[in-house]
Amino acid sequence: MANSVRADRENMGYDVVIVGAGPSGLSCAIRLKQIAAEKGKDLSVCVVEKGSEVGAHLLSGAVFETRALDELIPDWKDKGAPIDTPVTSDSFLFMSAKKALRLPTPPTMNNHGNYIISLGALGKWLAAQAEALGVEIYAGFAAAEVLYAPDGQTVLGIATGDMGVNKDGSQGALFTAGVELHARLTVFAEGCHGSLTKSLIQKFDLRKNSDPQTYGLGIKEIWEIKPEHHKKGHCSHSIGWPLDTATYGGSWIYHMDNNLVSIGFVIGLDYQNPHLSPFNEMQRFKTHPAIAPMLEGGRRVAYGARALVEGGLQSLPTLSFAGGMLIGDTAGFLNVPKIKGNHTAMKSGMVAAETAFAAFEALGEAGFAGAESGAQPDVSAYRANLEKTWLWKELYKARNIRAGFHRGLWCGLVHAAFQTLGGWRLPYTLKNHADHAQLTKAKDAPVIDYPKPDGVLTFDRLSSVFLTGTNHAEDQPSHLKLADASIPIGQNLPNYDEPAQRYCPAAVYEVLTNKDGEKTFQINAQNCIHCKTCDIKDPAQNINWVVPQGGEGPNYAGM
């Protein structure tokens with residue numbers, strides 16, 4: 001059957017395999033090894049990461065709340081964690097086209113005691129802590145498929161993709177079969193909208209009792225600005241312009257160390273106007289009279305983009321199944337009102353580890369007899385254990401705030417204030433909707449005239465992608481799959497002016513016209529920065545993002 005073990009692939013066995021070396025996956029690995037050491041036991045733990053190195057695919061704003069890290073590694077300061085820029089001040093702005101009105105900072109966005117960090121740097125440091133405990137980490141290995149038992153109902157591990165396949169699908173001279181990692185427990189920590197998690201959700205119907213997930217797209221740049229414009233430790237957030245009041249989104253500006261500024265824009269992927277370009281909205285934001293002077297004389301040094309989960313508690317799928325668990329952003333633990341998900345992702349990984357270890361213990365001697373024993377732990381208590389933690393309380397308090405903006409900015413702000421002041425205690429939970437179903441027809445939506453980039457303050461997508469260090473081998477099949485190749489031109493173009501041309505922040509998708517007036521849909525897969533927006537927003541759900549060969553994609557530095 002499909003996704004079963006293959007004789008032509010090498011295999012290795014572990015007690016636990018974790019897919020993804022982000023905050024949740026690394027925290028899970030560390031906590032497993034910590035408990036094992038405390039109990040005088042041993043579990044073999046392996047982490048696979050599709051990026052060329054740990055941190056290469058990590059991107060976040062990022063203001064970091066240390067609560068989970070304080071629990072996981074209490075002496076993180078002494079161990080040299082790259083967390084050394086404390087937040088000194090906050091501001092919250094409402095933007096019109098020409099003005100910026102300062103509003104009271106919502107309590108959920110008060111960052112006193114938090115730090116401005118590079119998530120990639122934190123990921124590398126966490127990886128070093130994990131390896132010191134005996135965790136095996138393999139970067140450059142993309143988990144391409146889930147392995148199942150012959151009954152098809154139990155996860156047995158993962159396999160990396162075959163390498164050296166020609167564009168026509170035939171095997172090249174340097175063809176190498178993937179590697180199978182067999183595990184008694186596989187933990188999926190792929191980040192937002194993971195490709196394997198997507199397949200698991202479909203196979204096991206994990207959303208049967210939850211709302212659809214809803215997402216945002218975060219677009220980020222790092223600038224080096226003049227010292228006189230820099231306010232180390234200052235955090236600013238805004239709502240309003242350049243978005244209309246029907247579109248959810250806003251900005252962040254975080255003043256890092258060394259005159260660096262993280263500047264970004266998030267747009268809810270439930271936006272309705274198919275003519276909207278999230279990338280160009282972010283570029284337009286920088287031209288505001290309250291923003292442009294700060295960047296004057298500076299230079300852009302980095303760029304990236306990533307989808308993020310926004311659905312909250314009501315959009316969490318079933319979190320465990322036979323042989324596996326979902327943790328971090330791949331499950332959906334981001335706290336939207338706080339604009340933070342790293343501490344919650346870490347906590348989910350820690351609770352998963354504690355649940356898993358207890359389940360191994362429940363197997364008795366077989367629990368620690370090694371991967372070859374084949375005895376699988378029962379991790380069905382995972383969700384119940386999460387419900388006892390501060391993580392669940394955070395998400396419960398925040399559950400109605402993002403969904404409250406489905407009726408527009410003003411209703412959303414009023415409802416958010418009500419929820420924050422105690423309305424969260426009322427026993428109702430608002431519903432989320434599927435982002436891809438929200439677009440209006442192109443003929444019914446206003447066309448947005450975006451100004452041409454000036455190359456100084458605003459930029460085009462191709463020059464931006466260059467800053468990501470993205471690389472994909474040209475001799476492999478595209479990792480962006482169309483279920484029906486006729487849909488982009490035959491359906492999406494007449495109905496929505498093919499929105500993939502605009503929602504992709506990396507210029508992957510183009511509609512070309514030849515000399516005879518015929519239109520074709522072109523996929524520039526080599527540009528892809530793995531944001532997953534296309535898989536989420538395509539109105540026909542016709543694009544399937546799968547992992548390319550291991551080590552490919554962006555190589556973010558300092559993001």
# chains A, B, ... in the order shown; residues from 1 in each chain; ligands from 1
$ residues_around --residues "A:Gly113" --least-positions-apart "5" --cutoff "9 Å" --atoms "only C-alpha atoms" --output "PDB file with N, CA and C atoms, in the first residue's frame"
ATOM      1  N   GLU A  65       8.264  35.866  24.765  1.00  0.00           N
ATOM      2  CA  GLU A  65       7.913  35.719  26.174  1.00  0.00           C
ATOM      3  C   GLU A  65       8.618  34.470  26.701  1.00  0.00           C
ATOM      4  N   THR A  66       9.351  34.615  27.784  1.00  0.00           N
ATOM      5  CA  THR A  66      10.245  33.542  28.225  1.00  0.00           C
ATOM      6  C   THR A  66       9.583  32.496  29.116  1.00  0.00           C
ATOM      7  N   PRO A  86      15.923  43.435  25.886  1.00  0.00           N
ATOM      8  CA  PRO A  86      14.622  43.556  26.556  1.00  0.00           C
ATOM      9  C   PRO A  86      13.781  44.669  25.941  1.00  0.00           C
ATOM     10  N   VAL A  87      12.490  44.453  25.927  1.00  0.00           N
ATOM     11  CA  VAL A  87      11.567  45.491  25.463  1.00  0.00           C
ATOM     12  C   VAL A  87      11.563  46.635  26.477  1.00  0.00           C
ATOM     13  N   THR A  88      11.754  47.845  25.991  1.00  0.00           N
ATOM     14  CA  THR A  88      11.802  49.018  26.871  1.00  0.00           C
ATOM     15  C   THR A  88      10.536  49.854  26.809  1.00  0.00           C
TER      16      THR A  88
END
$ closest_atom_pairs --of "stretch 322-358 of chain A" --to "stretch 209-213 of chain A" --cutoff "12 Å" --atoms "only C-alpha atoms" --output "tab-separated table"
residue	atom	partner	partner_atom	distance
A:Asp329	CA	A:Gln213	CA	11.1
A:Thr330	CA	A:Gln213	CA	10.5
A:Ala331	CA	A:Gln213	CA	9.4
A:Gly332	CA	A:Gln213	CA	7.9
A:Phe333	CA	A:Gln213	CA	11.1
A:Leu334	CA	A:Gln213	CA	11.6
$ write_last_selection --atoms "N, CA and C atoms" --output "PDB file, in the first residue's frame"
ATOM      1  N   ASP A 329       2.949  25.216  15.992  1.00  0.00           N
ATOM      2  CA  ASP A 329       2.126  25.889  14.992  1.00  0.00           C
ATOM      3  C   ASP A 329       1.484  24.921  14.012  1.00  0.00           C
ATOM      4  N   THR A 330       2.028  23.732  13.854  1.00  0.00           N
ATOM      5  CA  THR A 330       1.379  22.772  12.956  1.00  0.00           C
ATOM      6  C   THR A 330       0.017  22.370  13.511  1.00  0.00           C
ATOM      7  N   ALA A 331      -0.152  22.450  14.827  1.00  0.00           N
ATOM      8  CA  ALA A 331      -1.461  22.218  15.448  1.00  0.00           C
ATOM      9  C   ALA A 331      -2.270  23.511  15.507  1.00  0.00           C
ATOM     10  N   GLY A 332      -1.603  24.630  15.837  1.00  0.00           N
ATOM     11  CA  GLY A 332      -2.300  25.922  15.851  1.00  0.00           C
ATOM     12  C   GLY A 332      -2.351  26.611  17.187  1.00  0.00           C
ATOM     13  N   PHE A 333      -1.223  26.671  17.913  1.00  0.00           N
ATOM     14  CA  PHE A 333      -1.243  27.188  19.278  1.00  0.00           C
ATOM     15  C   PHE A 333      -0.876  28.667  19.400  1.00  0.00           C
ATOM     16  N   LEU A 334      -0.849  29.413  18.317  1.00  0.00           N
ATOM     17  CA  LEU A 334      -0.496  30.835  18.403  1.00  0.00           C
ATOM     18  C   LEU A 334      -1.573  31.629  19.149  1.00  0.00           C
TER      19      LEU A 334
END
$ residues_around --residues "stretch 343-345 of chain A" --least-positions-apart "5" --cutoff "10 Å" --atoms "only C-alpha atoms" --output "ChimeraX atom specification"
/A:22-25,27-28,64-70,189,191,327-335,350,390-392,394-395
$ write_last_selection --atoms "C-alpha atoms" --output "PDB file, in the first residue's frame"
ATOM      1  CA  GLY A  22      11.591  24.752  15.451  1.00  0.00           C
ATOM      2  CA  PRO A  23      10.783  25.889  19.006  1.00  0.00           C
ATOM      3  CA  SER A  24       8.142  23.204  19.602  1.00  0.00           C
ATOM      4  CA  GLY A  25      10.091  20.279  18.167  1.00  0.00           C
ATOM      5  CA  SER A  27      11.527  21.799  23.236  1.00  0.00           C
ATOM      6  CA  CYS A  28       9.844  18.406  22.950  1.00  0.00           C
ATOM      7  CA  PHE A  64       9.618  36.539  22.893  1.00  0.00           C
ATOM      8  CA  GLU A  65       7.913  35.719  26.174  1.00  0.00           C
ATOM      9  CA  THR A  66      10.245  33.542  28.225  1.00  0.00           C
ATOM     10  CA  ARG A  67       7.625  31.709  30.306  1.00  0.00           C
ATOM     11  CA  ALA A  68       8.044  28.307  28.628  1.00  0.00           C
ATOM     12  CA  LEU A  69      11.816  28.655  28.392  1.00  0.00           C
ATOM     13  CA  ASP A  70      11.967  29.530  32.102  1.00  0.00           C
ATOM     14  CA  ALA A 189       6.314  19.924  14.561  1.00  0.00           C
ATOM     15  CA  GLY A 191       5.192  24.733  11.692  1.00  0.00           C
ATOM     16  CA  ILE A 327       2.572  20.176  18.422  1.00  0.00           C
ATOM     17  CA  GLY A 328       3.359  23.866  17.944  1.00  0.00           C
ATOM     18  CA  ASP A 329       2.126  25.889  14.992  1.00  0.00           C
ATOM     19  CA  THR A 330       1.379  22.772  12.956  1.00  0.00           C
ATOM     20  CA  ALA A 331      -1.461  22.218  15.448  1.00  0.00           C
ATOM     21  CA  GLY A 332      -2.300  25.922  15.851  1.00  0.00           C
ATOM     22  CA  PHE A 333      -1.243  27.188  19.278  1.00  0.00           C
ATOM     23  CA  LEU A 334      -0.496  30.835  18.403  1.00  0.00           C
ATOM     24  CA  ASN A 335      -2.044  33.461  20.713  1.00  0.00           C
ATOM     25  CA  MET A 350       6.987  20.132  26.550  1.00  0.00           C
ATOM     26  CA  TRP A 390      -1.459  27.905  31.393  1.00  0.00           C
ATOM     27  CA  LEU A 391      -1.260  27.426  27.630  1.00  0.00           C
ATOM     28  CA  TRP A 392      -4.875  26.270  27.458  1.00  0.00           C
ATOM     29  CA  GLU A 394      -4.293  31.622  27.445  1.00  0.00           C
ATOM     30  CA  LEU A 395      -5.984  30.263  24.354  1.00  0.00           C
TER      31      LEU A 395
END
$ select_by_dssp --residues "stretch 259-382 of chain A" --states "strand (DSSP E)" --output "number ranges by chain"
A: 260-268, 299-309, 320-321, 324-326
$ write_last_selection --atoms "C-alpha atoms" --output "PDB file, in the first residue's frame"
ATOM      1  CA  LEU A 260      18.621  46.976  13.286  1.00  0.00           C
ATOM      2  CA  VAL A 261      14.836  47.153  12.986  1.00  0.00           C
ATOM      3  CA  SER A 262      12.419  44.306  12.308  1.00  0.00           C
ATOM      4  CA  ILE A 263       9.548  45.738  10.295  1.00  0.00           C
ATOM      5  CA  GLY A 264       6.661  43.662   9.103  1.00  0.00           C
ATOM      6  CA  PHE A 265       3.058  43.425   8.075  1.00  0.00           C
ATOM      7  CA  VAL A 266       0.483  40.670   8.670  1.00  0.00           C
ATOM      8  CA  ILE A 267      -2.653  40.307   6.561  1.00  0.00           C
ATOM      9  CA  GLY A 268      -5.388  37.830   7.402  1.00  0.00           C
ATOM     10  CA  ARG A 299      19.220  49.951   4.021  1.00  0.00           C
ATOM     11  CA  ARG A 300      17.234  46.758   3.805  1.00  0.00           C
ATOM     12  CA  VAL A 301      19.359  43.738   4.781  1.00  0.00           C
ATOM     13  CA  ALA A 302      16.889  40.842   4.941  1.00  0.00           C
ATOM     14  CA  TYR A 303      13.466  39.758   3.705  1.00  0.00           C
ATOM     15  CA  GLY A 304      11.145  36.838   4.333  1.00  0.00           C
ATOM     16  CA  ALA A 305       7.537  35.733   4.552  1.00  0.00           C
ATOM     17  CA  ARG A 306       5.598  33.005   6.340  1.00  0.00           C
ATOM     18  CA  ALA A 307       1.995  32.043   6.932  1.00  0.00           C
ATOM     19  CA  LEU A 308       0.889  31.876  10.565  1.00  0.00           C
ATOM     20  CA  VAL A 309      -2.018  30.190  12.309  1.00  0.00           C
ATOM     21  CA  SER A 320      -3.045  12.689  18.838  1.00  0.00           C
ATOM     22  CA  PHE A 321      -3.623   9.459  16.935  1.00  0.00           C
ATOM     23  CA  GLY A 324       1.687  10.286  16.494  1.00  0.00           C
ATOM     24  CA  MET A 325       1.066  13.757  17.933  1.00  0.00           C
ATOM     25  CA  LEU A 326       0.768  17.351  16.634  1.00  0.00           C
TER      26      LEU A 326
END
$ residues_around --residues "A:Thr154" --least-positions-apart "5" --cutoff "6 Å" --atoms "only C-alpha atoms" --output "PDB file with N, CA and C atoms, in the first residue's frame"
ATOM      1  N   TYR A 148       3.036   4.125   7.405  1.00  0.00           N
ATOM      2  CA  TYR A 148       1.953   3.520   8.170  1.00  0.00           C
ATOM      3  C   TYR A 148       2.149   2.017   8.290  1.00  0.00           C
ATOM      4  N   ALA A 149       1.553   1.452   9.321  1.00  0.00           N
ATOM      5  CA  ALA A 149       1.486   0.001   9.473  1.00  0.00           C
ATOM      6  C   ALA A 149       0.624  -0.577   8.353  1.00  0.00           C
ATOM      7  N   ALA A 322      -2.951   7.158  16.633  1.00  0.00           N
ATOM      8  CA  ALA A 322      -2.095   5.994  16.851  1.00  0.00           C
ATOM      9  C   ALA A 322      -0.712   6.231  16.256  1.00  0.00           C
ATOM     10  N   GLY A 323       0.277   6.340  17.136  1.00  0.00           N
ATOM     11  CA  GLY A 323       1.656   6.506  16.695  1.00  0.00           C
ATOM     12  C   GLY A 323       2.120   7.913  16.497  1.00  0.00           C
TER      13      GLY A 323
END
$ residues_around --residues "stretch 45-53 of chain A" --least-positions-apart "3" --cutoff "6 Å" --atoms "only C-alpha atoms" --output "list in words"
Val16, Val17, Ile18, Val19, Gly20, Ala21, Ala56, His57, Val135, Glu136, Ile137, Tyr138, Ala139, Gly140, Phe141, Ala142, Gly550 and Gly551 of chain A
$ write_last_selection --atoms "N, CA and C atoms" --output "PDB file, in the first residue's frame"
ATOM      1  N   VAL A  16      11.548   7.891  19.399  1.00  0.00           N
ATOM      2  CA  VAL A  16      10.763   9.073  19.020  1.00  0.00           C
ATOM      3  C   VAL A  16      11.448   9.784  17.859  1.00  0.00           C
ATOM      4  N   VAL A  17      10.693  10.063  16.820  1.00  0.00           N
ATOM      5  CA  VAL A  17      11.151  10.914  15.718  1.00  0.00           C
ATOM      6  C   VAL A  17      10.310  12.183  15.726  1.00  0.00           C
ATOM      7  N   ILE A  18      10.979  13.337  15.671  1.00  0.00           N
ATOM      8  CA  ILE A  18      10.302  14.632  15.672  1.00  0.00           C
ATOM      9  C   ILE A  18      10.562  15.304  14.332  1.00  0.00           C
ATOM     10  N   VAL A  19       9.506  15.724  13.662  1.00  0.00           N
ATOM     11  CA  VAL A  19       9.607  16.345  12.343  1.00  0.00           C
ATOM     12  C   VAL A  19       9.571  17.859  12.504  1.00  0.00           C
ATOM     13  N   GLY A  20      10.732  18.493  12.379  1.00  0.00           N
ATOM     14  CA  GLY A  20      10.818  19.945  12.473  1.00  0.00           C
ATOM     15  C   GLY A  20      11.637  20.412  13.654  1.00  0.00           C
ATOM     16  N   ALA A  21      12.696  21.188  13.358  1.00  0.00           N
ATOM     17  CA  ALA A  21      13.576  21.699  14.417  1.00  0.00           C
ATOM     18  C   ALA A  21      13.276  23.158  14.701  1.00  0.00           C
ATOM     19  N   ALA A  56      17.356  27.923   9.428  1.00  0.00           N
ATOM     20  CA  ALA A  56      17.318  28.431   8.060  1.00  0.00           C
ATOM     21  C   ALA A  56      15.906  28.751   7.595  1.00  0.00           C
ATOM     22  N   HIS A  57      14.906  28.054   8.137  1.00  0.00           N
ATOM     23  CA  HIS A  57      13.521  28.275   7.731  1.00  0.00           C
ATOM     24  C   HIS A  57      12.681  28.912   8.847  1.00  0.00           C
ATOM     25  N   VAL A 135      20.260  14.191  21.823  1.00  0.00           N
ATOM     26  CA  VAL A 135      19.303  14.184  20.710  1.00  0.00           C
ATOM     27  C   VAL A 135      20.084  14.211  19.395  1.00  0.00           C
ATOM     28  N   GLU A 136      19.678  13.382  18.444  1.00  0.00           N
ATOM     29  CA  GLU A 136      20.271  13.404  17.110  1.00  0.00           C
ATOM     30  C   GLU A 136      19.454  14.349  16.229  1.00  0.00           C
ATOM     31  N   ILE A 137      20.126  15.313  15.596  1.00  0.00           N
ATOM     32  CA  ILE A 137      19.450  16.285  14.744  1.00  0.00           C
ATOM     33  C   ILE A 137      20.030  16.181  13.338  1.00  0.00           C
ATOM     34  N   TYR A 138      19.146  15.991  12.369  1.00  0.00           N
ATOM     35  CA  TYR A 138      19.564  15.890  10.975  1.00  0.00           C
ATOM     36  C   TYR A 138      18.935  17.030  10.172  1.00  0.00           C
ATOM     37  N   ALA A 139      19.719  18.077   9.930  1.00  0.00           N
ATOM     38  CA  ALA A 139      19.261  19.172   9.071  1.00  0.00           C
ATOM     39  C   ALA A 139      19.486  18.800   7.614  1.00  0.00           C
ATOM     40  N   GLY A 140      18.670  19.382   6.729  1.00  0.00           N
ATOM     41  CA  GLY A 140      18.767  19.064   5.320  1.00  0.00           C
ATOM     42  C   GLY A 140      18.041  17.788   4.937  1.00  0.00           C
ATOM     43  N   PHE A 141      17.232  17.262   5.856  1.00  0.00           N
ATOM     44  CA  PHE A 141      16.440  16.056   5.592  1.00  0.00           C
ATOM     45  C   PHE A 141      14.961  16.438   5.627  1.00  0.00           C
ATOM     46  N   ALA A 142      14.343  16.449   4.466  1.00  0.00           N
ATOM     47  CA  ALA A 142      12.938  16.835   4.370  1.00  0.00           C
ATOM     48  C   ALA A 142      12.047  15.609   4.508  1.00  0.00           C
ATOM     49  N   GLY A 550      15.684  17.899   0.559  1.00  0.00           N
ATOM     50  CA  GLY A 550      16.145  18.449   1.820  1.00  0.00           C
ATOM     51  C   GLY A 550      17.218  19.503   1.650  1.00  0.00           C
ATOM     52  N   GLY A 551      17.169  20.530   2.500  1.00  0.00           N
ATOM     53  CA  GLY A 551      18.159  21.591   2.495  1.00  0.00           C
ATOM     54  C   GLY A 551      17.837  22.735   1.559  1.00  0.00           C
TER      55      GLY A 551
END
$ select_by_dssp --residues "stretch 44-116 of chain A" --states "alpha helix (DSSP H)" --output "ChimeraX atom specification"
/A:67-72
$ closest_residue --among "A:Pro227, A:Pro377, A:Gly370, A:Gly178" --to "A:Leu43" --atoms "only C-alpha atoms"
A:Gly370
$ residues_around --residues "A:Thr245" --least-positions-apart "3" --cutoff "10 Å" --atoms "only C-alpha atoms" --output "number ranges by chain"
A: 239-242, 248-249, 405, 407-412
$ closest_residue --among "A:Ser60, A:Gln283, A:Asn111, A:Ser96" --to "A:Pro451" --atoms "only C-alpha atoms"
A:Gln283
$ atom_distance --atom1 "atom CA of A:Ala375" --atom2 "atom CA of A:Glu190"
25.0 Å
$ residues_around --residues "A:Ala506" --least-positions-apart "5" --cutoff "10 Å" --atoms "only C-alpha atoms" --output "number ranges by chain"
A: 279, 304-305, 460-466, 468, 501, 524-531
$ decode --residues "stretch 330-349 of chain A" --atoms "N, CA and C atoms" --output "PDB file, in the first residue's frame"
ATOM      1  N   THR A 330       2.028  23.732  13.854  1.00  0.00           N
ATOM      2  CA  THR A 330       1.379  22.772  12.956  1.00  0.00           C
ATOM      3  C   THR A 330       0.017  22.370  13.511  1.00  0.00           C
ATOM      4  N   ALA A 331      -0.152  22.450  14.827  1.00  0.00           N
ATOM      5  CA  ALA A 331      -1.461  22.218  15.448  1.00  0.00           C
ATOM      6  C   ALA A 331      -2.270  23.511  15.507  1.00  0.00           C
ATOM      7  N   GLY A 332      -1.603  24.630  15.837  1.00  0.00           N
ATOM      8  CA  GLY A 332      -2.300  25.922  15.851  1.00  0.00           C
ATOM      9  C   GLY A 332      -2.351  26.611  17.187  1.00  0.00           C
ATOM     10  N   PHE A 333      -1.223  26.671  17.913  1.00  0.00           N
ATOM     11  CA  PHE A 333      -1.243  27.188  19.278  1.00  0.00           C
ATOM     12  C   PHE A 333      -0.876  28.667  19.400  1.00  0.00           C
ATOM     13  N   LEU A 334      -0.849  29.413  18.317  1.00  0.00           N
ATOM     14  CA  LEU A 334      -0.496  30.835  18.403  1.00  0.00           C
ATOM     15  C   LEU A 334      -1.573  31.629  19.149  1.00  0.00           C
ATOM     16  N   ASN A 335      -1.141  32.567  19.982  1.00  0.00           N
ATOM     17  CA  ASN A 335      -2.044  33.461  20.713  1.00  0.00           C
ATOM     18  C   ASN A 335      -2.130  34.767  19.934  1.00  0.00           C
ATOM     19  N   VAL A 336      -3.214  34.951  19.186  1.00  0.00           N
ATOM     20  CA  VAL A 336      -3.332  36.087  18.274  1.00  0.00           C
ATOM     21  C   VAL A 336      -3.306  37.442  18.988  1.00  0.00           C
ATOM     22  N   PRO A 337      -4.082  37.661  20.062  1.00  0.00           N
ATOM     23  CA  PRO A 337      -4.052  38.982  20.694  1.00  0.00           C
ATOM     24  C   PRO A 337      -2.666  39.371  21.226  1.00  0.00           C
ATOM     25  N   LYS A 338      -1.891  38.385  21.655  1.00  0.00           N
ATOM     26  CA  LYS A 338      -0.532  38.663  22.118  1.00  0.00           C
ATOM     27  C   LYS A 338       0.447  38.853  20.960  1.00  0.00           C
ATOM     28  N   ILE A 339       0.042  38.401  19.773  1.00  0.00           N
ATOM     29  CA  ILE A 339       0.930  38.373  18.598  1.00  0.00           C
ATOM     30  C   ILE A 339       2.169  37.555  18.928  1.00  0.00           C
ATOM     31  N   LYS A 340       1.960  36.427  19.558  1.00  0.00           N
ATOM     32  CA  LYS A 340       3.064  35.560  19.980  1.00  0.00           C
ATOM     33  C   LYS A 340       2.635  34.098  19.871  1.00  0.00           C
ATOM     34  N   GLY A 341       3.584  33.270  19.414  1.00  0.00           N
ATOM     35  CA  GLY A 341       3.314  31.850  19.355  1.00  0.00           C
ATOM     36  C   GLY A 341       4.497  30.991  19.741  1.00  0.00           C
ATOM     37  N   ASN A 342       5.654  31.610  19.971  1.00  0.00           N
ATOM     38  CA  ASN A 342       6.829  30.796  20.269  1.00  0.00           C
ATOM     39  C   ASN A 342       6.773  30.181  21.661  1.00  0.00           C
ATOM     40  N   HIS A 343       6.308  30.954  22.642  1.00  0.00           N
ATOM     41  CA  HIS A 343       6.235  30.394  23.996  1.00  0.00           C
ATOM     42  C   HIS A 343       5.154  29.323  24.088  1.00  0.00           C
ATOM     43  N   THR A 344       4.044  29.508  23.356  1.00  0.00           N
ATOM     44  CA  THR A 344       2.982  28.504  23.377  1.00  0.00           C
ATOM     45  C   THR A 344       3.399  27.251  22.600  1.00  0.00           C
ATOM     46  N   ALA A 345       4.127  27.445  21.502  1.00  0.00           N
ATOM     47  CA  ALA A 345       4.635  26.292  20.752  1.00  0.00           C
ATOM     48  C   ALA A 345       5.570  25.469  21.619  1.00  0.00           C
ATOM     49  N   MET A 346       6.459  26.138  22.334  1.00  0.00           N
ATOM     50  CA  MET A 346       7.394  25.430  23.205  1.00  0.00           C
ATOM     51  C   MET A 346       6.662  24.660  24.288  1.00  0.00           C
ATOM     52  N   LYS A 347       5.664  25.301  24.902  1.00  0.00           N
ATOM     53  CA  LYS A 347       4.919  24.634  25.973  1.00  0.00           C
ATOM     54  C   LYS A 347       4.192  23.401  25.448  1.00  0.00           C
ATOM     55  N   SER A 348       3.619  23.492  24.244  1.00  0.00           N
ATOM     56  CA  SER A 348       2.929  22.326  23.691  1.00  0.00           C
ATOM     57  C   SER A 348       3.907  21.170  23.483  1.00  0.00           C
ATOM     58  N   GLY A 349       5.126  21.488  23.027  1.00  0.00           N
ATOM     59  CA  GLY A 349       6.136  20.448  22.866  1.00  0.00           C
ATOM     60  C   GLY A 349       6.546  19.822  24.180  1.00  0.00           C
TER      61      GLY A 349
END
